[in-house]
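Visitor: This is query_20.cif (mmCIF, C-alpha atoms).
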```cif
data_structure
#
loop_
_atom_site.group_PDB
_atom_site.id
_atom_site.type_symbol
_atom_site.label_atom_id
_atom_site.label_comp_id
_atom_site.auth_asym_id
_atom_site.auth_seq_id
_atom_site.Cartn_x
_atom_site.Cartn_y
_atom_site.Cartn_z
ATOM 1 C CA MET A 1 53.243 200.296 45.713
ATOM 2 C CA LYS A 2 49.845 198.684 45.283
ATOM 3 C CA ILE A 3 49.350 195.229 46.804
ATOM 4 C CA THR A 4 46.710 192.516 46.911
ATOM 5 C CA ILE A 5 45.881 190.635 50.108
ATOM 6 C CA THR A 6 44.231 187.239 49.796
ATOM 7 C CA GLY A 7 42.209 186.396 52.876
ATOM 8 C CA GLY A 8 41.761 190.148 53.107
ATOM 9 C CA ALA A 9 38.626 189.841 55.254
ATOM 10 C CA GLY A 10 40.385 187.566 57.736
ATOM 11 C CA PHE A 11 42.082 188.442 61.005
ATOM 12 C CA VAL A 12 45.635 189.038 59.768
ATOM 13 C CA GLY A 13 44.541 190.314 56.360
ATOM 14 C CA ARG A 14 42.425 193.082 57.908
ATOM 15 C CA HIS A 15 45.245 194.248 60.156
ATOM 16 C CA LEU A 16 47.735 194.198 57.282
ATOM 17 C CA ALA A 17 45.395 196.255 55.075
ATOM 18 C CA GLU A 18 45.242 198.976 57.736
ATOM 19 C CA ARG A 19 48.967 199.673 57.221
ATOM 20 C CA PHE A 20 48.360 200.882 53.653
ATOM 21 C CA ALA A 21 46.360 203.664 52.060
ATOM 22 C CA PRO A 22 42.954 202.334 50.919
ATOM 23 C CA ASP A 23 43.753 203.019 47.260
ATOM 24 C CA ASP A 24 46.936 200.942 47.528
ATOM 25 C CA VAL A 25 45.243 197.724 48.685
ATOM 26 C CA VAL A 26 43.047 195.209 46.890
ATOM 27 C CA LEU A 27 41.292 192.733 49.198
ATOM 28 C CA VAL A 28 40.451 189.268 47.930
ATOM 29 C CA SER A 29 38.294 186.886 49.948
ATOM 30 C CA ARG A 30 35.127 184.837 49.843
ATOM 31 C CA ARG A 31 33.347 187.916 51.218
ATOM 32 C CA THR A 32 34.361 189.891 48.136
ATOM 33 C CA GLY A 33 32.988 187.062 45.988
ATOM 34 C CA THR A 34 36.335 185.761 44.752
ATOM 35 C CA ASP A 35 37.002 182.015 44.701
ATOM 36 C CA ILE A 36 40.622 181.388 45.697
ATOM 37 C CA THR A 37 40.883 178.812 42.882
ATOM 38 C CA ASP A 38 39.524 181.139 40.148
ATOM 39 C CA VAL A 39 42.694 182.129 38.296
ATOM 40 C CA ASP A 40 40.957 184.604 35.985
ATOM 41 C CA ALA A 41 39.281 186.476 38.843
ATOM 42 C CA LEU A 42 42.509 186.508 40.831
ATOM 43 C CA ALA A 43 44.541 187.802 37.881
ATOM 44 C CA ALA A 44 42.053 190.644 37.421
ATOM 45 C CA SER A 45 42.387 191.543 41.107
ATOM 46 C CA PHE A 46 46.193 191.407 40.933
ATOM 47 C CA ALA A 47 46.437 193.736 37.908
ATOM 48 C CA GLY A 48 48.658 196.718 38.636
ATOM 49 C CA CYS A 49 49.967 195.285 41.911
ATOM 50 C CA GLY A 50 53.621 194.895 42.789
ATOM 51 C CA ALA A 51 53.126 192.177 45.396
ATOM 52 C CA VAL A 52 50.607 189.667 46.709
ATOM 53 C CA ALA A 53 50.319 188.939 50.425
ATOM 54 C CA HIS A 54 48.818 185.458 50.438
ATOM 55 C CA CYS A 55 47.066 185.234 53.816
ATOM 56 C CA ALA A 56 44.109 183.044 52.830
ATOM 57 C CA GLY A 57 43.666 179.880 54.881
ATOM 58 C CA ILE A 58 41.280 177.818 56.981
ATOM 59 C CA ASN A 59 41.708 175.938 60.256
ATOM 60 C CA ARG A 60 38.831 173.524 59.708
ATOM 61 C CA GLU A 61 37.241 171.910 56.682
ATOM 62 C CA ILE A 62 33.595 172.766 56.147
ATOM 63 C CA GLY A 63 31.450 172.311 53.054
ATOM 64 C CA ASP A 64 33.561 172.612 49.914
ATOM 65 C CA GLN A 65 36.290 174.464 51.808
ATOM 66 C CA SER A 66 38.899 171.729 52.185
ATOM 67 C CA TYR A 67 42.595 172.034 53.008
ATOM 68 C CA GLU A 68 43.365 170.637 49.555
ATOM 69 C CA LYS A 69 41.232 173.264 47.820
ATOM 70 C CA VAL A 70 42.085 176.341 49.886
ATOM 71 C CA HIS A 71 45.720 175.755 50.840
ATOM 72 C CA ILE A 72 47.087 173.801 47.885
ATOM 73 C CA GLU A 73 44.859 174.525 44.878
ATOM 74 C CA GLY A 74 44.321 178.069 46.106
ATOM 75 C CA THR A 75 48.049 178.731 46.343
ATOM 76 C CA ARG A 76 48.640 177.192 42.926
ATOM 77 C CA SER A 77 45.986 179.526 41.502
ATOM 78 C CA VAL A 78 47.450 182.571 43.271
ATOM 79 C CA ILE A 79 50.862 181.842 41.764
ATOM 80 C CA GLU A 80 49.459 181.398 38.251
ATOM 81 C CA ALA A 81 47.360 184.561 38.569
ATOM 82 C CA ALA A 82 50.363 186.533 39.813
ATOM 83 C CA LYS A 83 52.376 185.464 36.774
ATOM 84 C CA ARG A 84 49.547 186.406 34.403
ATOM 85 C CA ALA A 85 49.177 189.820 36.058
ATOM 86 C CA GLY A 86 52.893 190.536 36.050
ATOM 87 C CA VAL A 87 53.243 190.494 39.847
ATOM 88 C CA SER A 88 56.851 189.801 40.748
ATOM 89 C CA ARG A 89 56.649 189.152 44.506
ATOM 90 C CA ILE A 90 54.542 186.826 46.652
ATOM 91 C CA VAL A 91 54.518 186.688 50.440
ATOM 92 C CA MET A 92 52.877 183.665 52.026
ATOM 93 C CA LEU A 93 51.605 183.445 55.594
ATOM 94 C CA SER A 94 52.049 179.843 56.727
ATOM 95 C CA PHE A 95 52.124 178.005 60.055
ATOM 96 C CA LEU A 96 55.142 177.555 62.326
ATOM 97 C CA ARG A 97 55.100 173.757 62.281
ATOM 98 C CA ALA A 98 53.815 173.102 58.764
ATOM 99 C CA ARG A 99 55.732 170.084 57.495
ATOM 100 C CA PRO A 100 55.269 166.936 55.395
ATOM 101 C CA GLU A 101 54.271 163.452 56.520
ATOM 102 C CA CYS A 102 53.252 164.402 60.046
ATOM 103 C CA GLY A 103 49.723 162.963 60.060
ATOM 104 C CA SER A 104 47.919 166.323 60.104
ATOM 105 C CA ALA A 105 46.149 167.373 56.901
ATOM 106 C CA TYR A 106 46.354 171.005 57.981
ATOM 107 C CA HIS A 107 50.123 170.958 58.539
ATOM 108 C CA GLU A 108 50.800 168.931 55.403
ATOM 109 C CA SER A 109 48.644 171.138 53.152
ATOM 110 C CA LYS A 110 50.321 174.286 54.448
ATOM 111 C CA TRP A 111 53.723 172.723 53.749
ATOM 112 C CA ALA A 112 52.662 171.759 50.219
ATOM 113 C CA ALA A 113 51.595 175.369 49.673
ATOM 114 C CA GLU A 114 54.953 176.627 50.962
ATOM 115 C CA GLU A 115 56.746 174.377 48.503
ATOM 116 C CA LEU A 116 54.637 175.696 45.627
ATOM 117 C CA VAL A 117 55.599 179.259 46.545
ATOM 118 C CA ARG A 118 59.303 178.438 46.951
ATOM 119 C CA SER A 119 59.395 176.763 43.529
ATOM 120 C CA SER A 120 57.210 179.358 41.769
ATOM 121 C CA GLY A 121 60.020 181.295 40.085
ATOM 122 C CA LEU A 122 58.671 184.490 41.672
ATOM 123 C CA GLU A 123 60.490 186.450 44.353
ATOM 124 C CA PHE A 124 59.015 185.014 47.552
ATOM 125 C CA THR A 125 58.951 185.194 51.316
ATOM 126 C CA VAL A 126 57.368 182.421 53.403
ATOM 127 C CA LEU A 127 56.516 183.362 56.982
ATOM 128 C CA LYS A 128 55.909 180.428 59.317
ATOM 129 C CA ALA A 129 53.896 182.124 62.046
ATOM 130 C CA GLY A 130 53.093 180.909 65.534
ATOM 131 C CA MET A 131 49.964 181.880 67.494
ATOM 132 C CA ILE A 132 48.933 185.401 66.478
ATOM 133 C CA TYR A 133 46.687 187.430 68.742
ATOM 134 C CA GLY A 134 45.012 190.820 68.651
ATOM 135 C CA HIS A 135 41.600 192.384 68.224
ATOM 136 C CA GLY A 136 39.422 189.870 66.370
ATOM 137 C CA ASP A 137 41.700 186.871 66.979
ATOM 138 C CA HIS A 138 40.937 183.287 68.018
ATOM 139 C CA LEU A 139 43.210 183.289 71.072
ATOM 140 C CA VAL A 140 42.321 186.109 73.450
ATOM 141 C CA ASP A 141 38.795 186.280 72.007
ATOM 142 C CA HIS A 142 38.032 182.624 72.699
ATOM 143 C CA LEU A 143 39.888 182.468 76.001
ATOM 144 C CA SER A 144 38.041 185.496 77.364
ATOM 145 C CA HIS A 145 34.630 184.211 76.246
ATOM 146 C CA SER A 146 35.467 180.743 77.561
ATOM 147 C CA VAL A 147 36.408 181.800 81.102
ATOM 148 C CA GLN A 148 33.326 184.026 81.264
ATOM 149 C CA THR A 149 31.137 181.072 80.267
ATOM 150 C CA LEU A 150 32.628 178.351 82.464
ATOM 151 C CA PRO A 151 35.383 178.865 85.091
ATOM 152 C CA LEU A 152 37.203 175.739 83.925
ATOM 153 C CA PHE A 153 40.001 175.217 81.430
ATOM 154 C CA ALA A 154 41.250 171.868 80.156
ATOM 155 C CA THR A 155 44.886 171.689 79.072
ATOM 156 C CA VAL A 156 45.783 170.044 75.773
ATOM 157 C CA GLY A 157 47.715 167.049 77.066
ATOM 158 C CA LEU A 158 48.559 165.911 80.559
ATOM 159 C CA ARG A 159 51.953 167.561 80.094
ATOM 160 C CA GLU A 160 51.512 170.889 78.372
ATOM 161 C CA LYS A 161 53.768 172.116 75.602
ATOM 162 C CA SER A 162 54.720 175.776 75.356
ATOM 163 C CA ILE A 163 53.500 178.529 73.052
ATOM 164 C CA ARG A 164 54.993 181.867 71.974
ATOM 165 C CA PRO A 165 52.059 184.142 71.131
ATOM 166 C CA ILE A 166 52.821 187.096 68.886
ATOM 167 C CA PRO A 167 50.814 190.347 68.768
ATOM 168 C CA VAL A 168 49.291 190.941 65.361
ATOM 169 C CA SER A 169 51.009 194.344 65.233
ATOM 170 C CA GLU A 170 54.431 192.671 65.266
ATOM 171 C CA MET A 171 53.307 190.019 62.782
ATOM 172 C CA VAL A 172 52.178 192.777 60.439
ATOM 173 C CA ASP A 173 55.556 194.514 60.819
ATOM 174 C CA VAL A 174 57.180 191.411 59.336
ATOM 175 C CA LEU A 175 54.557 191.101 56.605
ATOM 176 C CA VAL A 176 55.057 194.717 55.561
ATOM 177 C CA ALA A 177 58.833 194.235 55.413
ATOM 178 C CA SER A 178 58.280 191.152 53.260
ATOM 179 C CA VAL A 179 55.852 192.900 50.913
ATOM 180 C CA GLU A 180 58.401 195.699 50.518
ATOM 181 C CA GLY A 181 61.032 193.153 49.443
ATOM 182 C CA ARG A 182 63.247 193.345 52.528
ATOM 183 C CA LEU A 183 63.233 189.536 53.091
ATOM 184 C CA PRO A 184 63.579 188.118 49.568
ATOM 185 C CA ASN A 185 63.655 184.441 48.654
ATOM 186 C CA ALA A 186 63.688 183.124 52.203
ATOM 187 C CA THR A 187 61.578 181.296 54.780
ATOM 188 C CA PHE A 188 61.402 182.628 58.331
ATOM 189 C CA ALA A 189 59.723 181.581 61.556
ATOM 190 C CA VAL A 190 57.800 184.347 63.333
ATOM 191 C CA THR A 191 57.071 183.765 67.020
ATOM 192 C CA GLY A 192 56.419 185.988 70.005
ATOM 193 C CA HIS A 193 59.074 187.194 72.421
ATOM 194 C CA GLU A 194 57.698 185.354 75.476
ATOM 195 C CA GLU A 195 57.423 181.577 75.852
ATOM 196 C CA LEU A 196 54.743 180.301 78.228
ATOM 197 C CA LEU A 197 52.148 177.573 78.711
ATOM 198 C CA LEU A 198 48.626 178.046 77.380
ATOM 199 C CA SER A 199 47.308 177.542 80.919
ATOM 200 C CA GLU A 200 49.336 180.570 82.047
ATOM 201 C CA ALA A 201 47.907 182.564 79.141
ATOM 202 C CA VAL A 202 44.431 181.527 80.324
ATOM 203 C CA ARG A 203 45.171 182.700 83.864
ATOM 204 C CA ARG A 204 46.385 186.080 82.605
ATOM 205 C CA VAL A 205 43.291 186.597 80.460
ATOM 206 C CA SER A 206 40.994 185.494 83.304
ATOM 207 C CA ARG A 207 42.616 188.015 85.656
ATOM 208 C CA ILE A 208 42.061 190.823 83.157
ATOM 209 C CA VAL A 209 38.344 189.978 82.797
ATOM 210 C CA GLY A 210 37.963 189.497 86.549
ATOM 211 C CA ARG A 211 37.235 185.778 86.614
ATOM 212 C CA ARG A 212 38.769 182.859 88.460
ATOM 213 C CA VAL A 213 39.495 179.728 86.465
ATOM 214 C CA ALA A 214 40.456 176.191 87.431
ATOM 215 C CA VAL A 215 42.965 174.480 85.137
ATOM 216 C CA VAL A 216 42.410 170.754 84.655
ATOM 217 C CA PRO A 217 45.027 168.526 82.934
ATOM 218 C CA SER A 218 43.321 166.621 80.105
ATOM 219 C CA PRO A 219 44.485 163.951 77.645
ATOM 220 C CA VAL A 220 44.871 164.996 74.035
ATOM 221 C CA TRP A 221 42.192 162.557 72.846
ATOM 222 C CA ALA A 222 39.620 164.269 75.063
ATOM 223 C CA ILE A 223 40.479 167.697 73.630
ATOM 224 C CA ARG A 224 40.252 166.336 70.101
ATOM 225 C CA ALA A 225 36.772 165.014 70.927
ATOM 226 C CA ILE A 226 35.786 168.469 72.226
ATOM 227 C CA ALA A 227 37.252 170.007 69.071
ATOM 228 C CA GLN A 228 35.165 167.750 66.862
ATOM 229 C CA LEU A 229 32.050 168.606 68.862
ATOM 230 C CA THR A 230 32.660 172.360 68.627
ATOM 231 C CA GLU A 231 33.400 172.097 64.895
ATOM 232 C CA TRP A 232 29.989 170.455 64.487
ATOM 233 C CA THR A 233 28.111 172.959 66.638
ATOM 234 C CA MET A 234 29.816 176.399 66.637
ATOM 235 C CA LYS A 235 30.176 179.033 63.922
ATOM 236 C CA VAL A 236 33.741 179.598 65.087
ATOM 237 C CA PRO A 237 34.809 176.501 67.036
ATOM 238 C CA LEU A 238 36.041 176.926 70.594
ATOM 239 C CA ILE A 239 38.947 174.824 69.347
ATOM 240 C CA ALA A 240 39.357 173.149 65.951
ATOM 241 C CA LYS A 241 40.916 169.706 65.489
ATOM 242 C CA ALA A 242 43.897 171.284 63.742
ATOM 243 C CA GLN A 243 44.382 173.656 66.675
ATOM 244 C CA ALA A 244 44.239 170.754 69.124
ATOM 245 C CA THR A 245 47.048 169.110 67.179
ATOM 246 C CA MET A 246 49.055 172.349 67.219
ATOM 247 C CA LEU A 247 48.733 172.762 70.978
ATOM 248 C CA ALA A 248 49.466 169.084 71.665
ATOM 249 C CA GLU A 249 52.924 169.436 70.094
ATOM 250 C CA GLY A 250 53.564 173.037 71.123
ATOM 251 C CA VAL A 251 53.711 176.261 69.140
ATOM 252 C CA SER A 252 57.136 177.633 69.960
ATOM 253 C CA ILE A 253 59.711 175.954 67.689
ATOM 254 C CA ALA A 254 59.625 175.887 63.899
ATOM 255 C CA ALA A 255 59.515 172.583 62.070
ATOM 256 C CA PRO A 256 61.575 172.173 60.019
ATOM 257 C CA PRO A 257 64.073 174.694 61.453
ATOM 258 C CA THR A 258 64.276 178.087 59.734
ATOM 259 C CA PRO A 259 66.637 181.067 59.972
ATOM 260 C CA GLU A 260 65.948 183.780 62.533
ATOM 261 C CA LEU A 261 64.474 187.079 61.447
ATOM 262 C CA PRO A 262 66.808 190.069 61.191
ATOM 263 C CA VAL A 263 67.260 191.612 64.634
ATOM 264 C CA GLU A 264 65.272 194.736 63.798
ATOM 265 C CA LEU A 265 62.190 192.635 62.956
ATOM 266 C CA GLN A 266 62.321 190.187 65.851
ATOM 267 C CA PRO A 267 59.241 190.522 68.110
ATOM 268 C CA ARG A 268 59.858 192.136 71.487
ATOM 269 C CA LEU A 269 56.434 192.332 73.156
ATOM 270 C CA ASP A 270 55.389 189.917 75.916
ATOM 271 C CA PHE A 271 51.900 188.505 76.426
ATOM 272 C CA SER A 272 51.258 191.316 78.885
ATOM 273 C CA ALA A 273 48.169 192.831 80.475
ATOM 274 C CA GLU A 274 48.451 195.786 78.107
ATOM 275 C CA GLN A 275 48.560 193.581 75.007
ATOM 276 C CA ILE A 276 45.716 191.388 76.292
ATOM 277 C CA ARG A 277 43.495 194.420 76.918
ATOM 278 C CA ARG A 278 44.105 195.630 73.371
ATOM 279 C CA ALA A 279 42.914 192.266 72.037
ATOM 280 C CA LEU A 280 39.857 191.793 74.253
ATOM 281 C CA PRO A 281 36.419 191.554 72.604
ATOM 282 C CA PRO A 282 33.283 192.967 74.284
ATOM 283 C CA ARG A 283 32.628 191.364 77.678
ATOM 284 C CA GLY A 284 30.524 188.233 77.891
ATOM 285 C CA GLY A 285 30.595 184.487 77.466
ATOM 286 C CA PHE A 286 29.538 182.232 74.640
ATOM 287 C CA GLY A 287 25.829 182.171 73.885
ATOM 288 C CA PHE A 288 23.180 180.866 71.508
ATOM 289 C CA SER A 289 24.307 183.238 68.745
ATOM 290 C CA ASP A 290 27.667 181.404 68.593
ATOM 291 C CA LEU A 291 25.984 178.148 67.523
ATOM 292 C CA LEU A 292 25.596 177.045 63.920
ATOM 293 C CA ILE A 293 21.839 176.618 64.405
ATOM 294 C CA ALA A 294 21.537 180.367 65.125
ATOM 295 C CA ARG A 295 21.495 181.547 61.503
#
```
Produce structure tokens that represent the structure in this file.
Guide:
Amino acid sequence: MKITITGGAGFVGRHLAERFAPDDVVLVSRRTGTDITDVDALAASFAGCGAVAHCAGINREIGDQSYEKVHIEGTRSVIEAAKRAGVSRIVMLSFLRARPECGSAYHESKWAAEELVRSSGLEFTVLKAGMIYGHGDHLVDHLSHSVQTLPLFATVGLREKSIRPIPVSEMVDVLVASVEGRLPNATFAVTGHEELLLSEAVRRVSRIVGRRVAVVPSPVWAIRAIAQLTEWTMKVPLIAKAQATMLAEGVSIAAPPTPELPVELQPRLDFSAEQIRRALPPRGGFGFSDLLIAR
């Protein structure tokens, strides 16, 4: 079966594409010159495909890339294009705690997109994912660069909430099952096997890269201020405001509650030294090239 992956140049999209033969995958992204709100261009890309894996998304608003445009209007366009192209199945990658009326534009826009997919009339699967990590991610990548730049880590909140990081390989297992139609017309949470604090994840990464790190409890408002600063100054922010909100409330329990995955698809890998090593980028800290002024 031929499939299309929106956000195909992104972290999860790239890993998902690797599970299929090159001739069986069409990648759609800004890098391929396709606007996620261009229904005609999307329909042309979807032609001949049996399913669309809708992985496109942003974690910060920049330029004309707003949550409203990418998450809501983009999803509406993907649905319309799928119908025009005769695609019968859509799989959406959402966020674990996406929900309405919570005060976060990111969470609320992801929820609105979920609702569009669930009411589309197409066969659907919505996957509410937690923190995904692997080669090219924003978790191990940023943590490793951070501890090699400054041996200090500030927690998000004076009392940390837990996370359940999931390896991208296990996330892709669930996506493939969904694309193949094994999880029809349902919404599932997808979280990692192990529950831990982000500070513990930092300590594990720092040990792997051979650095010591001091963990400092910090109020959420201070982390949000840092997030705003890094959004203004970095190509890929050290932490985005939406991510600060995620970590402040924890990334381990779905909101609203969802059914559990079938046993055979439930993640089983811990945030182990082996998994961390697989996700590590080249050694080194953040530098001038990571700043927006370094074009």
Visitor: Which residue out of A:Ile166, A:Leu292, A:Ile208, A:Ile226 has the minimum interatomic distance to Tyr133 (chain A) when all atoms listed in the file are used?
Guide: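 Looking only at the distances to Tyr133 (chain A), the closest residue turns out to be A:Ile166.
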Visitor: Quote the spacing between CA of Gly250 (chain A) and CA of Pro217 (chain A) in Å to one decimal place.
Guide: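 A separation of 15.3 Å between them.
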Visitor: Please evaluate the PyMOL selection byres ((chain A and resi 136) around 12) against the structure above and give the resulting residues as number ranges by chain.
Guide: A: 9-15, 132-135, 137-142, 144, 167-168, 236, 276, 278-282
Visitor: Determine the nearest neighbour of Val156 (chain A) from the options A:Pro237, A:Pro267, A:Pro219, A:Gly33, counting only C-alpha atoms.
Guide: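 Using only C-alpha atoms, the shortest distance to Val156 (chain A) belongs to A:Pro219.
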Visitor: Please provide the set of residues having any atom within 6 Å of region 47-50 of chain A, restricted to only C-alpha atoms, with same-chain residues fewer than 4 positions apart removed, written as JSON, numbers by chain.
Guide: {"A": [2, 3, 85, 87]}
Visitor: Write out as JSON lines the residues of region 12-60 of chain A that have any atom within 12 Å of an atom of region 93-97 of chain A, one row each with the nearest atom pair and its distance in Å to one decimal, counting all atoms listed in the file, sorted by chain and then rising number.
Guide:
```
{"residue": "A:Val12", "atom": "CA", "partner": "A:Leu93", "partner_atom": "CA", "distance": 9.2}
{"residue": "A:Gly13", "atom": "CA", "partner": "A:Leu93", "partner_atom": "CA", "distance": 9.9}
{"residue": "A:Leu16", "atom": "CA", "partner": "A:Leu93", "partner_atom": "CA", "distance": 11.6}
{"residue": "A:Val52", "atom": "CA", "partner": "A:Leu93", "partner_atom": "CA", "distance": 10.9}
{"residue": "A:Ala53", "atom": "CA", "partner": "A:Leu93", "partner_atom": "CA", "distance": 7.7}
{"residue": "A:His54", "atom": "CA", "partner": "A:Leu93", "partner_atom": "CA", "distance": 6.2}
{"residue": "A:Cys55", "atom": "CA", "partner": "A:Leu93", "partner_atom": "CA", "distance": 5.2}
{"residue": "A:Ala56", "atom": "CA", "partner": "A:Leu93", "partner_atom": "CA", "distance": 8.0}
{"residue": "A:Gly57", "atom": "CA", "partner": "A:Ser94", "partner_atom": "CA", "distance": 8.6}
{"residue": "A:Ile58", "atom": "CA", "partner": "A:Ser94", "partner_atom": "CA", "distance": 11.0}
{"residue": "A:Asn59", "atom": "CA", "partner": "A:Phe95", "partner_atom": "CA", "distance": 10.6}
```
Visitor: May I have the protein, DNA and RNA residues with an atom at most 10 Å from (43.4, 174.8, 66.2), counting all atoms listed in the file in the file's coordinates, returned as a list in words?
Guide: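 Those residues, ordered by chain and then number, are Ile58, Asn59, Arg60, Tyr106, Met131, His138, Leu139, Arg224, Ala227, Pro237, Leu238, Ile239, Ala240, Lys241, Ala242, Gln243, Ala244, Thr245, Met246, Leu247 and Ala248 of chain A.
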Visitor: Export C-alpha atoms of the chosen residues as a PDB file, in the coordinates of the input?
Guide:
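Listed below is the output, part38.pdb:
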```pdb
ATOM      1  CA  ILE A  58      41.280 177.818  56.981  1.00  0.00           C
ATOM      2  CA  ASN A  59      41.708 175.938  60.256  1.00  0.00           C
ATOM      3  CA  ARG A  60      38.831 173.524  59.708  1.00  0.00           C
ATOM      4  CA  TYR A 106      46.354 171.005  57.981  1.00  0.00           C
ATOM      5  CA  MET A 131      49.964 181.880  67.494  1.00  0.00           C
ATOM      6  CA  HIS A 138      40.937 183.287  68.018  1.00  0.00           C
ATOM      7  CA  LEU A 139      43.210 183.289  71.072  1.00  0.00           C
ATOM      8  CA  ARG A 224      40.252 166.336  70.101  1.00  0.00           C
ATOM      9  CA  ALA A 227      37.252 170.007  69.071  1.00  0.00           C
ATOM     10  CA  PRO A 237      34.809 176.501  67.036  1.00  0.00           C
ATOM     11  CA  LEU A 238      36.041 176.926  70.594  1.00  0.00           C
ATOM     12  CA  ILE A 239      38.947 174.824  69.347  1.00  0.00           C
ATOM     13  CA  ALA A 240      39.357 173.149  65.951  1.00  0.00           C
ATOM     14  CA  LYS A 241      40.916 169.706  65.489  1.00  0.00           C
ATOM     15  CA  ALA A 242      43.897 171.284  63.742  1.00  0.00           C
ATOM     16  CA  GLN A 243      44.382 173.656  66.675  1.00  0.00           C
ATOM     17  CA  ALA A 244      44.239 170.754  69.124  1.00  0.00           C
ATOM     18  CA  THR A 245      47.048 169.110  67.179  1.00  0.00           C
ATOM     19  CA  MET A 246      49.055 172.349  67.219  1.00  0.00           C
ATOM     20  CA  LEU A 247      48.733 172.762  70.978  1.00  0.00           C
ATOM     21  CA  ALA A 248      49.466 169.084  71.665  1.00  0.00           C
TER      22      ALA A 248
END
```
Visitor: Take CA of Val25 (chain A) and CA of Pro184 (chain A) and report the distance between them in Å, one decimal.
Guide: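 Between CA of Val25 (chain A) and CA of Pro184 (chain A) the gap is 20.7 Å.
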Visitor: So how far away is CA of Glu68 (chain A) from CA of Thr34 (chain A), in Å?
Guide: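 Taking CA of Thr34 (chain A) and CA of Glu68 (chain A), their separation equals 17.4 Å.
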Visitor: Give me the result of the PyMOL selection byres ((chain A and resi 164) around 12) on this file, residue by residue, as an mmCIF file with C-alpha atoms, in the coordinates of the input.
Guide:
```
data_model
loop_
_atom_site.group_PDB
_atom_site.id
_atom_site.type_symbol
_atom_site.label_atom_id
_atom_site.label_comp_id
_atom_site.auth_asym_id
_atom_site.auth_seq_id
_atom_site.Cartn_x
_atom_site.Cartn_y
_atom_site.Cartn_z
ATOM 1 C CA LEU A 96 55.142 177.555 62.326
ATOM 2 C CA ALA A 129 53.896 182.124 62.046
ATOM 3 C CA GLY A 130 53.093 180.909 65.534
ATOM 4 C CA MET A 131 49.964 181.880 67.494
ATOM 5 C CA ILE A 132 48.933 185.401 66.478
ATOM 6 C CA TYR A 133 46.687 187.430 68.742
ATOM 7 C CA LEU A 139 43.210 183.289 71.072
ATOM 8 C CA LYS A 161 53.768 172.116 75.602
ATOM 9 C CA SER A 162 54.720 175.776 75.356
ATOM 10 C CA ILE A 163 53.500 178.529 73.052
ATOM 11 C CA PRO A 165 52.059 184.142 71.131
ATOM 12 C CA ILE A 166 52.821 187.096 68.886
ATOM 13 C CA PRO A 167 50.814 190.347 68.768
ATOM 14 C CA ALA A 189 59.723 181.581 61.556
ATOM 15 C CA VAL A 190 57.800 184.347 63.333
ATOM 16 C CA THR A 191 57.071 183.765 67.020
ATOM 17 C CA GLY A 192 56.419 185.988 70.005
ATOM 18 C CA HIS A 193 59.074 187.194 72.421
ATOM 19 C CA GLU A 194 57.698 185.354 75.476
ATOM 20 C CA GLU A 195 57.423 181.577 75.852
ATOM 21 C CA LEU A 196 54.743 180.301 78.228
ATOM 22 C CA LEU A 197 52.148 177.573 78.711
ATOM 23 C CA LEU A 198 48.626 178.046 77.380
ATOM 24 C CA GLU A 200 49.336 180.570 82.047
ATOM 25 C CA ALA A 201 47.907 182.564 79.141
ATOM 26 C CA LEU A 247 48.733 172.762 70.978
ATOM 27 C CA GLY A 250 53.564 173.037 71.123
ATOM 28 C CA VAL A 251 53.711 176.261 69.140
ATOM 29 C CA SER A 252 57.136 177.633 69.960
ATOM 30 C CA ILE A 253 59.711 175.954 67.689
ATOM 31 C CA ALA A 254 59.625 175.887 63.899
ATOM 32 C CA PRO A 267 59.241 190.522 68.110
ATOM 33 C CA ARG A 268 59.858 192.136 71.487
ATOM 34 C CA LEU A 269 56.434 192.332 73.156
ATOM 35 C CA ASP A 270 55.389 189.917 75.916
ATOM 36 C CA PHE A 271 51.900 188.505 76.426
#
```
Visitor: Please write as JSON, numbers by chain the full residue list that the PyMOL selection byres ((chain A and resi 110) around 8) yields on this file.
Guide: {"A": [71, 72, 94, 95, 98, 99, 106, 107, 108, 109, 111, 112, 113, 114]}
Visitor: Using only C-alpha atoms, can you tell me which of A:Asp290, A:Glu274, A:Glu260, A:Asp24 comes closest to Lys235 (chain A)?
Guide: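 Using only C-alpha atoms, Lys235 (chain A) sits closest to A:Asp290.
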Visitor: May I have the residues within 9 Å of Ala186 (chain A) as a PyMOL selection string, using all atoms listed in the file and disregarding those fewer than 6 positions away in the same chain?
Guide: chain A and resi 118+124-127+259
Visitor: Got time to write the residues from that selection, C-alpha atoms, as a PDB file, in the frame of the given file?
Guide:
```pdb
ATOM      1  CA  ARG A 118      59.303 178.438  46.951  1.00  0.00           C
ATOM      2  CA  PHE A 124      59.015 185.014  47.552  1.00  0.00           C
ATOM      3  CA  THR A 125      58.951 185.194  51.316  1.00  0.00           C
ATOM      4  CA  VAL A 126      57.368 182.421  53.403  1.00  0.00           C
ATOM      5  CA  LEU A 127      56.516 183.362  56.982  1.00  0.00           C
ATOM      6  CA  PRO A 259      66.637 181.067  59.972  1.00  0.00           C
TER       7      PRO A 259
END
```
